[in-house]
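Take a look at the structure set out below.
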Amino acid sequence: MNTEALLRGVRGRLHDAGLRACLLVRDLGTGEELGIEPDTELPSASLVKVPLALATLERVRRGELDGATPVEVAPGRVTTPGPTGLSRFRHPARIAIDDLLYLSTCLSDGTAADALFTLTPPDRVAAVLREAGLRGITVRHRTEELFDTPAERFDPDQTHLAHALAIDAGTSGRGHRVAQLDTTRANTGSARSFVDLLQTLWTPSKIHPEVAERMRDLMAHNVLRHRLAPDFSSDASSWSSKTGTLLNLRHEIGVVEHADGQTFAIAVLTESSVPAGAQPGVDAVMAEAARSLRDHLRQF
């Protein structure tokens with residue numbers, strides 16, 4: 001199948017699933033890539049926890065922070081479905097910075113992430129990205145804002161109303177009445193910018209090798225593996241990743257490393273037009289789309 005026919009078929013399957021998808025797959029060995037709308041900016045949701053971890057680890061390397069330092073963390077007391085870890089704790093806890101990194105990155109724990117943001121605010125995270133030569137990822141706010149969306153204001157049996165608002169309240173200029181979905185106010189990134197970030201972690205770059213190694217280890221231990229992992233994990237490959245989910249947004253970025261040495265960075269950022277919270281079929285379509293592009297590049 002030629003490339004144009006492949007992309008046309010992938011777009012059609014995504015459209016049929018109710019998805020607008022921005023994705024990019026890049027062979028980290030050759031630089032060859034395939035994508036669909038890879039430069040479109042979308043709110044990054046929990047993907048922001050990757051640059052947060054990177055900035056924290058860089059500050060630890062510089063000696064500005066000590067990974068063993070315990071931090072007093074207030075309980076999140078979140079009761080709505082979704083958040084994990086400290087976000088659901090009922091009592092204060094003392095946790096080392098290194099362990100907050102694990103909770104934030106591997107469990108996507110928003111309360112742990114905000115404890116790290118207290119130490120390294122969004123502007124400091126953005127500065128570390130710039131120092132690494134990374135452009136296109138915007139870090140404007142902490143993750144606590146992701147817990148204050150219409151989904152938290154409706155009863156559980158009215159989740160579809162929150163998703164309908166997320167779908168219908170946007171503007172043609174990527175603004176939105178829901179602040180967390182407004183690209184002028186939210187943390188944002190594109191498929192290309194996140195693939196660029198992954199490339200700096202998996203290949204020699206301005207990021208210190210020790211920091212890159214720690215980041216790869218954290219992403220390898222991501223426990224949220226329901227989205228792209230089923231199509232990229234096997235006895236002959238490993239999948240290291242981070243998911244991001246917010247209202248009608250479903251994202252995942254990651255790197256698949258094959259036993260034969262080929263390595264691919266992948267970013268899939270999507271918006272669903274279906275007003276429903278649980279859409280397991282959508283995750284399967286996202287994974288199939290990314291795998292189709294990876295398979296095509298793997299032939300060469």
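Residues are named by chain letter and number: chains run A, B, ... in the order of the structure tokens, numbers start at 1 in each chain, and ligands are numbered from 1 in the order shown.
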Do a neighbour search on segment 294-296 of chain A at 10 Å with only C-alpha atoms, toss out local chain neighbours closer than 2 positions, and write the hits as a list in words.
-> Met1, Asn2, Thr3, Leu6, Leu24, Val25, Arg26, Asp27, Glu33, Leu34, Phe232, Val256, Thr263, Phe264, Ala265, Ile266, Glu288, Ala289, Ala290, Arg291, Ser292, Arg298, Gln299 and Phe300 of chain A
Residues at most 6 Å from segment 199-216 of chain A, counting only C-alpha atoms, excluding those fewer than 2 positions away in the same chain, as a list in words?
->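 Listing them by chain and then by number gives Leu57, Ala132, Asp196, Leu197, Leu218 and Met219 of chain A.
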Please produce a file of those selected residues containing all heavy atoms, as a short mmCIF file (atom, residue, chain, number, x, y, z; two decimals), in the first residue's frame.
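This went into part.cif:
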data_model
loop_
_atom_site.label_atom_id
_atom_site.label_comp_id
_atom_site.auth_asym_id
_atom_site.auth_seq_id
_atom_site.Cartn_x
_atom_site.Cartn_y
_atom_site.Cartn_z
N LEU A 57 14.16 16.36 37.47
CA LEU A 57 15.38 15.55 37.46
C LEU A 57 16.61 16.39 37.10
O LEU A 57 17.70 16.16 37.62
CB LEU A 57 15.22 14.40 36.46
CG LEU A 57 14.28 13.28 36.92
CD1 LEU A 57 14.00 12.32 35.77
CD2 LEU A 57 14.88 12.53 38.11
N ALA A 132 16.94 22.86 26.63
CA ALA A 132 17.17 21.61 25.91
C ALA A 132 16.91 21.76 24.41
O ALA A 132 17.05 20.79 23.66
CB ALA A 132 16.27 20.52 26.48
N ASP A 196 9.51 15.19 19.39
CA ASP A 196 10.82 15.84 19.55
C ASP A 196 11.35 15.63 20.97
O ASP A 196 12.55 15.37 21.18
CB ASP A 196 10.74 17.33 19.24
CG ASP A 196 10.55 17.63 17.77
OD1 ASP A 196 10.78 16.73 16.93
OD2 ASP A 196 10.16 18.77 17.45
N LEU A 197 10.46 15.78 21.96
CA LEU A 197 10.86 15.56 23.35
C LEU A 197 11.32 14.12 23.55
O LEU A 197 12.36 13.87 24.17
CB LEU A 197 9.69 15.89 24.28
CG LEU A 197 9.85 15.53 25.76
CD1 LEU A 197 11.09 16.17 26.37
CD2 LEU A 197 8.60 15.93 26.54
N LEU A 218 11.42 5.91 34.11
CA LEU A 218 10.09 6.26 34.60
C LEU A 218 9.01 5.90 33.58
O LEU A 218 7.99 5.30 33.91
CB LEU A 218 10.02 7.76 34.93
CG LEU A 218 10.71 8.21 36.21
CD1 LEU A 218 10.77 9.75 36.26
CD2 LEU A 218 9.98 7.68 37.45
N MET A 219 9.25 6.26 32.32
CA MET A 219 8.24 5.99 31.30
C MET A 219 8.09 4.50 31.03
O MET A 219 7.01 4.03 30.67
CB MET A 219 8.57 6.77 30.03
CG MET A 219 8.48 8.28 30.22
SD MET A 219 8.80 9.23 28.72
CE MET A 219 7.33 8.84 27.78
#
Nearest to Arg20 of chain A among A:Ala55, A:Ala5, A:Val268, A:Val223, with distances taken over only C-alpha atoms: which residue is it?
->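 Comparing A:Ala55, A:Ala5, A:Val268, A:Val223 against Arg20 of chain A, the winner is A:Val268.
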Return the single residue from A:Gly261, A:Pro70, A:Pro83, A:Gly29 that is closest to Ser46 of chain A, with distances computed using only C-alpha atoms.
-> A:Pro83
